[in-house]
file model15.cif (mmCIF, C-alpha atoms)
data_upload
#
loop_
_atom_site.group_PDB
_atom_site.id
_atom_site.type_symbol
_atom_site.label_atom_id
_atom_site.label_comp_id
_atom_site.auth_asym_id
_atom_site.auth_seq_id
_atom_site.Cartn_x
_atom_site.Cartn_y
_atom_site.Cartn_z
ATOM 1 C CA MET A 124 37.663 24.559 -2.942
ATOM 2 C CA PRO A 125 40.449 24.105 -0.340
ATOM 3 C CA ALA A 126 43.290 21.741 -1.306
ATOM 4 C CA GLN A 127 42.465 19.262 1.454
ATOM 5 C CA GLU A 128 38.801 19.109 0.474
ATOM 6 C CA ALA A 129 39.762 18.719 -3.202
ATOM 7 C CA ALA A 130 42.072 15.817 -2.350
ATOM 8 C CA TRP A 131 39.332 14.043 -0.419
ATOM 9 C CA TYR A 132 36.947 14.612 -3.311
ATOM 10 C CA LEU A 133 39.391 13.157 -5.872
ATOM 11 C CA LEU A 134 39.998 10.131 -3.655
ATOM 12 C CA ARG A 135 36.219 9.619 -3.403
ATOM 13 C CA GLU A 136 36.387 9.870 0.368
ATOM 14 C CA PRO A 137 33.279 11.084 2.222
ATOM 15 C CA ILE A 138 33.480 14.692 3.366
ATOM 16 C CA ALA A 139 31.414 13.934 6.449
ATOM 17 C CA LYS A 140 30.444 10.793 8.297
ATOM 18 C CA SER A 141 27.399 10.023 10.362
ATOM 19 C CA SER A 142 26.773 7.298 12.911
ATOM 20 C CA VAL A 143 23.106 7.216 11.884
ATOM 21 C CA VAL A 144 22.292 5.124 8.821
ATOM 22 C CA SER A 145 19.395 6.103 6.579
ATOM 23 C CA VAL A 146 17.635 3.469 4.468
ATOM 24 C CA TYR A 147 14.820 3.602 1.938
ATOM 25 C CA ILE A 148 11.889 1.185 2.046
ATOM 26 C CA PRO A 149 10.176 0.809 -1.359
ATOM 27 C CA THR A 150 6.546 1.278 -0.324
ATOM 28 C CA VAL A 151 5.312 2.003 -3.840
ATOM 29 C CA PHE A 152 3.089 -0.606 -5.468
ATOM 30 C CA PRO A 153 5.080 -3.797 -6.257
ATOM 31 C CA THR A 154 4.820 -3.325 -10.025
ATOM 32 C CA GLU A 155 6.379 0.138 -9.683
ATOM 33 C CA ARG A 156 9.433 -0.950 -7.685
ATOM 34 C CA ALA A 157 12.901 -0.866 -9.173
ATOM 35 C CA ARG A 158 14.916 -4.026 -8.559
ATOM 36 C CA ILE A 159 18.684 -4.529 -8.499
ATOM 37 C CA ILE A 160 20.006 -7.430 -10.537
ATOM 38 C CA LYS A 161 22.427 -9.876 -8.938
ATOM 39 C CA SER A 162 26.105 -9.749 -9.814
ATOM 40 C CA VAL A 163 27.467 -11.903 -12.632
ATOM 41 C CA LYS A 164 29.134 -14.144 -10.056
ATOM 42 C CA GLU A 165 25.855 -14.633 -8.187
ATOM 43 C CA ILE A 166 23.947 -15.372 -11.391
ATOM 44 C CA GLU A 167 26.541 -17.909 -12.537
ATOM 45 C CA ALA A 168 26.146 -19.715 -9.212
ATOM 46 C CA LEU A 169 22.395 -20.171 -9.747
ATOM 47 C CA ASP A 170 20.887 -23.448 -10.891
ATOM 48 C CA ASP A 171 20.166 -23.673 -14.610
ATOM 49 C CA ASP A 172 16.397 -23.618 -14.061
ATOM 50 C CA CYS A 173 16.476 -20.744 -11.544
ATOM 51 C CA THR A 174 14.957 -17.469 -12.772
ATOM 52 C CA ASN A 175 15.475 -15.431 -9.602
ATOM 53 C CA ILE A 176 18.037 -12.906 -10.843
ATOM 54 C CA TRP A 177 17.075 -10.080 -8.465
ATOM 55 C CA LYS A 178 18.730 -9.114 -5.215
ATOM 56 C CA GLU A 179 16.515 -9.251 -2.156
ATOM 57 C CA ASN A 180 14.986 -5.955 -1.061
ATOM 58 C CA TRP A 181 13.684 -5.095 2.394
ATOM 59 C CA LEU A 182 10.267 -6.582 1.660
ATOM 60 C CA ASP A 183 11.820 -9.915 0.656
ATOM 61 C CA LYS A 184 13.960 -10.040 3.796
ATOM 62 C CA TYR A 185 11.045 -9.084 6.014
ATOM 63 C CA GLU A 186 8.776 -11.807 4.659
ATOM 64 C CA LYS A 187 11.535 -14.352 5.400
ATOM 65 C CA ARG A 188 12.111 -13.141 8.969
ATOM 66 C CA PRO A 189 12.319 -15.794 11.714
ATOM 67 C CA GLU A 190 9.401 -16.808 13.904
ATOM 68 C CA GLU A 191 10.582 -14.764 16.893
ATOM 69 C CA LEU A 192 10.173 -11.589 14.820
ATOM 70 C CA ARG A 193 6.649 -12.355 13.574
ATOM 71 C CA ASP A 194 5.118 -9.517 15.595
ATOM 72 C CA VAL A 195 7.704 -6.980 14.413
ATOM 73 C CA THR A 196 6.495 -4.495 11.806
ATOM 74 C CA LEU A 197 8.360 -3.765 8.583
ATOM 75 C CA ALA A 198 9.387 -0.324 9.864
ATOM 76 C CA GLN A 199 10.714 -1.807 13.104
ATOM 77 C CA PHE A 200 12.477 -4.623 11.259
ATOM 78 C CA VAL A 201 14.351 -2.288 8.910
ATOM 79 C CA ALA A 202 15.160 0.317 11.554
ATOM 80 C CA LYS A 203 16.152 -1.895 14.459
ATOM 81 C CA TYR A 204 17.476 -5.242 13.231
ATOM 82 C CA TYR A 205 20.433 -6.518 11.234
ATOM 83 C CA LEU A 206 21.720 -9.917 10.151
ATOM 84 C CA ASN A 207 24.863 -10.782 12.103
ATOM 85 C CA THR A 208 27.771 -12.985 11.023
ATOM 86 C CA LYS A 209 26.045 -16.029 12.507
ATOM 87 C CA GLY A 210 23.103 -15.556 10.183
ATOM 88 C CA THR A 211 20.665 -14.497 12.899
ATOM 89 C CA TYR A 212 18.926 -11.181 13.397
ATOM 90 C CA THR A 213 20.167 -8.942 16.187
ATOM 91 C CA LYS A 214 18.820 -5.671 17.499
ATOM 92 C CA ARG A 215 20.878 -2.634 16.551
ATOM 93 C CA ASP A 216 22.395 -0.334 19.159
ATOM 94 C CA THR A 217 21.411 2.682 17.069
ATOM 95 C CA ALA A 218 18.271 2.516 14.980
ATOM 96 C CA ARG A 219 18.399 3.357 11.297
ATOM 97 C CA ILE A 220 16.420 6.287 9.946
ATOM 98 C CA ILE A 221 13.805 4.961 7.544
ATOM 99 C CA ARG A 222 12.629 6.718 4.389
ATOM 100 C CA TYR A 223 9.711 5.746 2.198
ATOM 101 C CA ARG A 224 7.399 7.060 -0.520
ATOM 102 C CA ASN A 225 5.258 8.944 2.020
ATOM 103 C CA TYR A 226 1.981 9.310 0.146
ATOM 104 C CA ASP A 227 -0.120 12.365 0.869
ATOM 105 C CA MET A 228 -3.272 11.338 2.697
ATOM 106 C CA ALA A 229 -5.392 13.965 0.958
ATOM 107 C CA ASP A 230 -4.184 13.161 -2.571
ATOM 108 C CA ASN A 231 -3.682 9.384 -2.467
ATOM 109 C CA TYR A 232 -5.807 8.069 0.372
ATOM 110 C CA ASN A 233 -5.753 4.438 -0.730
ATOM 111 C CA ASP A 234 -1.998 4.413 -1.337
ATOM 112 C CA TYR A 235 -1.522 6.193 1.983
ATOM 113 C CA ARG A 236 -3.500 3.499 3.808
ATOM 114 C CA ARG A 237 -1.692 0.710 1.970
ATOM 115 C CA GLU A 238 1.671 2.262 2.830
ATOM 116 C CA MET A 239 0.788 2.699 6.505
ATOM 117 C CA VAL A 240 -0.392 -0.903 6.783
ATOM 118 C CA LEU A 241 2.743 -2.082 4.988
ATOM 119 C CA LEU A 242 4.994 -0.224 7.415
ATOM 120 C CA HIS A 243 3.195 -0.530 10.732
ATOM 121 C CA VAL A 244 1.120 -3.732 10.771
ATOM 122 C CA PRO A 245 2.928 -7.110 10.825
ATOM 123 C CA PHE A 246 2.269 -9.326 7.801
ATOM 124 C CA GLN A 247 3.603 -12.497 6.252
ATOM 125 C CA SER A 248 2.882 -11.926 2.569
ATOM 126 C CA GLU A 249 2.379 -8.472 1.090
ATOM 127 C CA GLU A 250 0.415 -9.832 -1.849
ATOM 128 C CA ASN A 251 -1.892 -12.134 0.111
ATOM 129 C CA ASP A 252 -2.256 -10.235 3.379
ATOM 130 C CA ILE A 253 -2.392 -6.628 2.178
ATOM 131 C CA ILE A 254 -2.933 -6.156 -1.547
ATOM 132 C CA ALA A 255 -5.310 -8.993 -2.448
ATOM 133 C CA GLU A 256 -8.922 -7.778 -2.531
ATOM 134 C CA ASN A 257 -7.704 -4.437 -1.123
ATOM 135 C CA LYS A 258 -7.468 -5.953 2.351
ATOM 136 C CA PHE A 259 -5.348 -3.006 3.462
ATOM 137 C CA ILE A 260 -8.457 -0.799 3.604
ATOM 138 C CA GLN A 261 -10.124 -2.792 6.372
ATOM 139 C CA ILE A 262 -6.798 -3.507 8.089
ATOM 140 C CA TYR A 263 -6.095 0.214 8.241
ATOM 141 C CA GLU A 264 -9.532 1.005 9.659
ATOM 142 C CA ASP A 265 -9.148 -1.723 12.297
ATOM 143 C CA ASN A 266 -5.650 -0.583 13.317
ATOM 144 C CA LYS A 267 -5.829 3.169 12.760
ATOM 145 C CA ASP A 268 -4.933 4.194 16.321
ATOM 146 C CA THR A 269 -2.141 1.624 16.596
ATOM 147 C CA ILE A 270 -0.644 2.785 13.307
ATOM 148 C CA LEU A 271 -0.599 6.406 14.463
ATOM 149 C CA GLU A 272 1.102 5.429 17.708
ATOM 150 C CA ARG A 273 3.756 3.432 15.866
ATOM 151 C CA ARG A 274 4.342 6.263 13.423
ATOM 152 C CA LYS A 275 5.369 8.531 16.289
ATOM 153 C CA GLU A 276 8.348 6.251 16.862
ATOM 154 C CA PHE A 277 9.714 7.134 13.420
ATOM 155 C CA GLU A 278 8.227 10.569 12.717
ATOM 156 C CA SER A 279 9.131 13.136 15.348
ATOM 157 C CA ASN A 280 7.135 15.875 13.614
ATOM 158 C CA LEU A 281 3.930 13.860 13.263
ATOM 159 C CA ASP A 282 0.832 15.898 14.101
ATOM 160 C CA ILE A 283 -1.568 13.261 15.425
ATOM 161 C CA GLU A 284 -4.565 15.564 15.761
ATOM 162 C CA LYS A 285 -4.167 16.944 12.252
ATOM 163 C CA THR A 286 -3.729 13.457 10.823
ATOM 164 C CA LEU A 287 -6.857 12.210 12.585
ATOM 165 C CA LYS A 288 -8.832 15.232 11.403
ATOM 166 C CA ILE A 289 -7.861 14.667 7.759
ATOM 167 C CA CYS A 290 -8.539 10.965 8.105
ATOM 168 C CA ARG A 291 -12.039 11.543 9.505
ATOM 169 C CA GLN A 292 -12.802 14.016 6.733
ATOM 170 C CA LEU A 293 -11.687 11.568 4.051
ATOM 171 C CA CYS A 294 -13.731 8.810 5.654
ATOM 172 C CA ARG A 295 -16.819 11.045 5.600
ATOM 173 C CA GLU A 296 -16.216 11.878 1.946
ATOM 174 C CA ASN A 297 -15.876 8.198 1.111
ATOM 175 C CA ASP A 298 -19.121 7.454 2.948
ATOM 176 C CA GLU A 299 -20.898 10.275 1.119
ATOM 177 C CA GLU A 300 -19.612 9.007 -2.223
ATOM 178 C CA GLN A 301 -20.853 5.541 -1.338
ATOM 179 C CA GLU A 302 -24.247 6.949 -0.358
ATOM 180 C CA ASP A 303 -24.436 8.872 -3.643
ATOM 181 C CA THR A 304 -23.548 5.710 -5.535
ATOM 182 C CA ASN A 305 -26.221 3.737 -3.694
ATOM 183 C CA THR A 306 -28.793 6.494 -4.277
ATOM 184 C CA ASN A 307 -28.026 6.618 -7.995
ATOM 185 C CA LYS A 308 -28.251 2.853 -8.177
ATOM 186 C CA LYS A 309 -31.672 2.882 -6.517
ATOM 187 C CA ARG A 310 -32.854 5.577 -8.921
ATOM 188 C CA GLU A 311 -31.699 3.494 -11.868
ATOM 189 C CA GLU A 312 -33.532 0.455 -10.502
ATOM 190 C CA ILE A 313 -36.738 2.483 -10.029
ATOM 191 C CA LEU A 314 -36.429 3.920 -13.533
ATOM 192 C CA MET A 315 -35.873 0.470 -15.037
ATOM 193 C CA THR A 316 -38.910 -0.864 -13.188
ATOM 194 C CA TYR A 317 -41.016 2.074 -14.368
ATOM 195 C CA CYS A 318 -39.891 1.572 -17.975
ATOM 196 C CA TYR A 319 -40.726 -2.106 -17.743
ATOM 197 C CA VAL A 320 -44.230 -1.346 -16.464
ATOM 198 C CA ILE A 321 -44.834 1.216 -19.225
ATOM 199 C CA GLN A 322 -43.536 -1.194 -21.851
ATOM 200 C CA THR A 323 -45.823 -3.946 -20.560
ATOM 201 C CA GLN A 324 -48.836 -1.639 -20.595
ATOM 202 C CA LEU A 325 -48.073 -0.544 -24.163
ATOM 203 C CA LEU A 326 -47.799 -4.146 -25.300
ATOM 204 C CA MET A 327 -51.133 -4.948 -23.654
ATOM 205 C CA LEU A 328 -52.725 -1.939 -25.338
ATOM 206 C CA ILE A 329 -51.374 -2.968 -28.754
ATOM 207 C CA TYR A 330 -52.626 -6.506 -28.194
ATOM 208 C CA LYS A 331 -56.120 -5.256 -27.319
ATOM 209 C CA MET A 332 -56.170 -3.004 -30.388
ATOM 210 C CA HIS A 333 -55.257 -5.937 -32.630
ATOM 211 C CA LEU A 334 -57.926 -8.035 -30.944
ATOM 212 C CA CYS A 335 -60.580 -5.369 -31.515
ATOM 213 C CA ILE A 336 -59.587 -5.000 -35.165
ATOM 214 C CA ASN A 337 -59.803 -8.753 -35.728
ATOM 215 C CA LEU A 338 -63.254 -8.899 -34.122
ATOM 216 C CA ALA A 339 -64.442 -6.013 -36.270
ATOM 217 C CA LEU A 340 -63.324 -7.831 -39.393
#

call {"tool": "encode", "arguments": {"input": "model15.cif", "output": "structure tokens"}}
result
Amino acid sequence: MPAQEAAWYLLREPIAKSSVVSVYIPTVFPTERARIIKSVKEIEALDDDCTNIWKENWLDKYEKRPEELRDVTLAQFVAKYYLNTKGTYTKRDTARIIRYRNYDMADNYNDYRREMVLLHVPFQSEENDIIAENKFIQIYEDNKDTILERRKEFESNLDIEKTLKICRQLCRENDEEQEDTNTNKKREEILMTYCYVIQTQLLMLIYKMHLCINLAL
């Protein structure tokens, strides 16, 4: 290692600098997210009955965004806006590069859809608007084309045709699974009905046999 590089390393100075900032958005399920605890000074400043000891993440900040940014998606919010010294959000001159979990559509279709909705469809509350009752599934289906268009803004290597092809295939598989489930359910209902009829007939036969025996006696 050259002497100059070694000196920079020992002084903990960055070897290279970039004008483009990269940030990570925690798109994993809320219960899987790591949180950063507030500093001792921040915790000491809290009210005695306050239990909020965690620093805000991007999801927290996004849900608290001002009214004028209601139609901005989470991806756009993180990449293009910052909080200035006046406490208001301002558009950045150079957008940040966003990173996220990036679920594989073929392996984790539900998580993929949830992640895409989280990033590219505006929402107010992740829990109520996206996760509750798996609302993200219908939201994704209703906004599929819009989501793909918005993804192109952040993913230069996105293959739209390939993505659509995989998506259609997965949708067909889901439909087939649903049809199989419905078919099996109908078969079970028919079988239960048949068993009930047989059971009723057997009971009637036993009753008649007892009746005949009693008459004979």

call {"tool": "closest_residue", "arguments": {"input": "model15.cif", "among": "A:Arg156, A:Lys184, A:Arg273, A:His243", "to": "Leu197 (chain A)", "atoms": "only C-alpha atoms"}}
result
A:His243

call {"tool": "atom_distance", "arguments": {"input": "model15.cif", "atom1": "CA of Leu192 (chain A)", "atom2": "CA of Tyr205 (chain A)"}}
result
12.0 Å

call {"tool": "closest_residue", "arguments": {"input": "model15.cif", "among": "A:Ile270, A:Leu206, A:Leu182, A:Ile166", "to": "Glu250 (chain A)", "atoms": "all atoms listed in the file"}}
result
A:Leu182

call {"tool": "closest_residue", "arguments": {"input": "model15.cif", "among": "A:Glu191, A:Glu276, A:Glu238, A:Asp227", "to": "Tyr212 (chain A)", "atoms": "all atoms listed in the file"}}
result
A:Glu191

call {"tool": "closest_residue", "arguments": {"input": "model15.cif", "among": "A:Val195, A:Cys294, A:Val151, A:Ser145", "to": "Arg237 (chain A)", "atoms": "all atoms listed in the file"}}
result
A:Val151

call {"tool": "atom_distance", "arguments": {"input": "model15.cif", "atom1": "CA of Asp265 (chain A)", "atom2": "CA of Asn233 (chain A)"}}
result
14.8 Å

call {"tool": "resolve_selection", "arguments": {"input": "model15.cif", "expression": "the PyMOL selection byres ((chain A and resi 225) around 9)", "output": "list in words"}}
result
Thr150, Arg222, Tyr223, Arg224, Tyr226, Asp227, Met228, Tyr235, Glu238 and Met239 of chain A

call {"tool": "write_last_selection", "arguments": {"input": "model15.cif", "atoms": "C-alpha atoms", "output": "PDB file, in the coordinates of the input"}}
result
ATOM      1  CA  THR A 150       6.546   1.278  -0.324  1.00  0.00           C
ATOM      2  CA  ARG A 222      12.629   6.718   4.389  1.00  0.00           C
ATOM      3  CA  TYR A 223       9.711   5.746   2.198  1.00  0.00           C
ATOM      4  CA  ARG A 224       7.399   7.060  -0.520  1.00  0.00           C
ATOM      5  CA  TYR A 226       1.981   9.310   0.146  1.00  0.00           C
ATOM      6  CA  ASP A 227      -0.120  12.365   0.869  1.00  0.00           C
ATOM      7  CA  MET A 228      -3.272  11.338   2.697  1.00  0.00           C
ATOM      8  CA  TYR A 235      -1.522   6.193   1.983  1.00  0.00           C
ATOM      9  CA  GLU A 238       1.671   2.262   2.830  1.00  0.00           C
ATOM     10  CA  MET A 239       0.788   2.699   6.505  1.00  0.00           C
TER      11      MET A 239
END

call {"tool": "closest_residue", "arguments": {"input": "model15.cif", "among": "A:Thr208, A:Gln199, A:Asp170, A:Tyr263", "to": "Arg236 (chain A)", "atoms": "all atoms listed in the file"}}
result
A:Tyr263

call {"tool": "closest_residue", "arguments": {"input": "model15.cif", "among": "A:Leu169, A:Tyr185, A:Phe259, A:Phe277", "to": "Tyr232 (chain A)", "atoms": "all atoms listed in the file"}}
result
A:Phe259

call {"tool": "build_atoms", "arguments": {"input": "model15.cif", "residues": "region 195-217 of chain A", "atoms": "N, CA and C atoms", "output": "short mmCIF file (atom, residue, chain, number, x, y, z; two decimals), keeping the file's coordinate frame"}}
result
data_model
loop_
_atom_site.label_atom_id
_atom_site.label_comp_id
_atom_site.auth_asym_id
_atom_site.auth_seq_id
_atom_site.Cartn_x
_atom_site.Cartn_y
_atom_site.Cartn_z
N VAL A 195 6.97 -8.21 14.73
CA VAL A 195 7.70 -6.98 14.41
C VAL A 195 7.19 -6.42 13.09
N THR A 196 6.97 -5.12 13.04
CA THR A 196 6.50 -4.50 11.81
C THR A 196 7.66 -4.30 10.83
N LEU A 197 7.32 -4.00 9.59
CA LEU A 197 8.36 -3.76 8.58
C LEU A 197 9.24 -2.58 8.98
N ALA A 198 8.62 -1.51 9.45
CA ALA A 198 9.39 -0.32 9.86
C ALA A 198 10.34 -0.66 11.00
N GLN A 199 9.87 -1.41 11.97
CA GLN A 199 10.71 -1.81 13.10
C GLN A 199 11.83 -2.75 12.66
N PHE A 200 11.50 -3.65 11.76
CA PHE A 200 12.48 -4.62 11.26
C PHE A 200 13.64 -3.92 10.56
N VAL A 201 13.31 -2.99 9.67
CA VAL A 201 14.35 -2.29 8.91
C VAL A 201 15.16 -1.36 9.81
N ALA A 202 14.49 -0.68 10.72
CA ALA A 202 15.16 0.32 11.55
C ALA A 202 16.00 -0.30 12.67
N LYS A 203 15.56 -1.42 13.20
CA LYS A 203 16.15 -1.90 14.46
C LYS A 203 16.92 -3.21 14.39
N TYR A 204 16.85 -3.92 13.27
CA TYR A 204 17.48 -5.24 13.23
C TYR A 204 18.47 -5.37 12.08
N TYR A 205 19.47 -6.22 12.29
CA TYR A 205 20.43 -6.52 11.23
C TYR A 205 20.82 -7.99 11.32
N LEU A 206 21.31 -8.52 10.22
CA LEU A 206 21.72 -9.92 10.15
C LEU A 206 23.19 -10.01 10.53
N ASN A 207 23.48 -10.70 11.64
CA ASN A 207 24.86 -10.78 12.10
C ASN A 207 25.64 -11.87 11.36
N THR A 208 26.89 -12.03 11.72
CA THR A 208 27.77 -12.98 11.02
C THR A 208 27.35 -14.43 11.23
N LYS A 209 26.53 -14.67 12.25
CA LYS A 209 26.04 -16.03 12.51
C LYS A 209 24.77 -16.34 11.72
N GLY A 210 24.30 -15.34 10.99
CA GLY A 210 23.10 -15.56 10.18
C GLY A 210 21.81 -15.39 10.95
N THR A 211 21.87 -14.75 12.11
CA THR A 211 20.66 -14.50 12.90
C THR A 211 20.47 -12.99 13.05
N TYR A 212 19.23 -12.60 13.27
CA TYR A 212 18.93 -11.18 13.40
C TYR A 212 19.17 -10.70 14.82
N THR A 213 19.83 -9.55 14.91
CA THR A 213 20.17 -8.94 16.19
C THR A 213 19.68 -7.50 16.20
N LYS A 214 19.30 -7.05 17.38
CA LYS A 214 18.82 -5.67 17.50
C LYS A 214 20.00 -4.70 17.45
N ARG A 215 19.83 -3.63 16.71
CA ARG A 215 20.88 -2.63 16.55
C ARG A 215 20.99 -1.75 17.80
N ASP A 216 22.20 -1.28 18.06
CA ASP A 216 22.40 -0.33 19.16
C ASP A 216 21.80 1.02 18.81
N THR A 217 21.97 1.42 17.55
CA THR A 217 21.41 2.68 17.07
C THR A 217 20.49 2.40 15.89
#
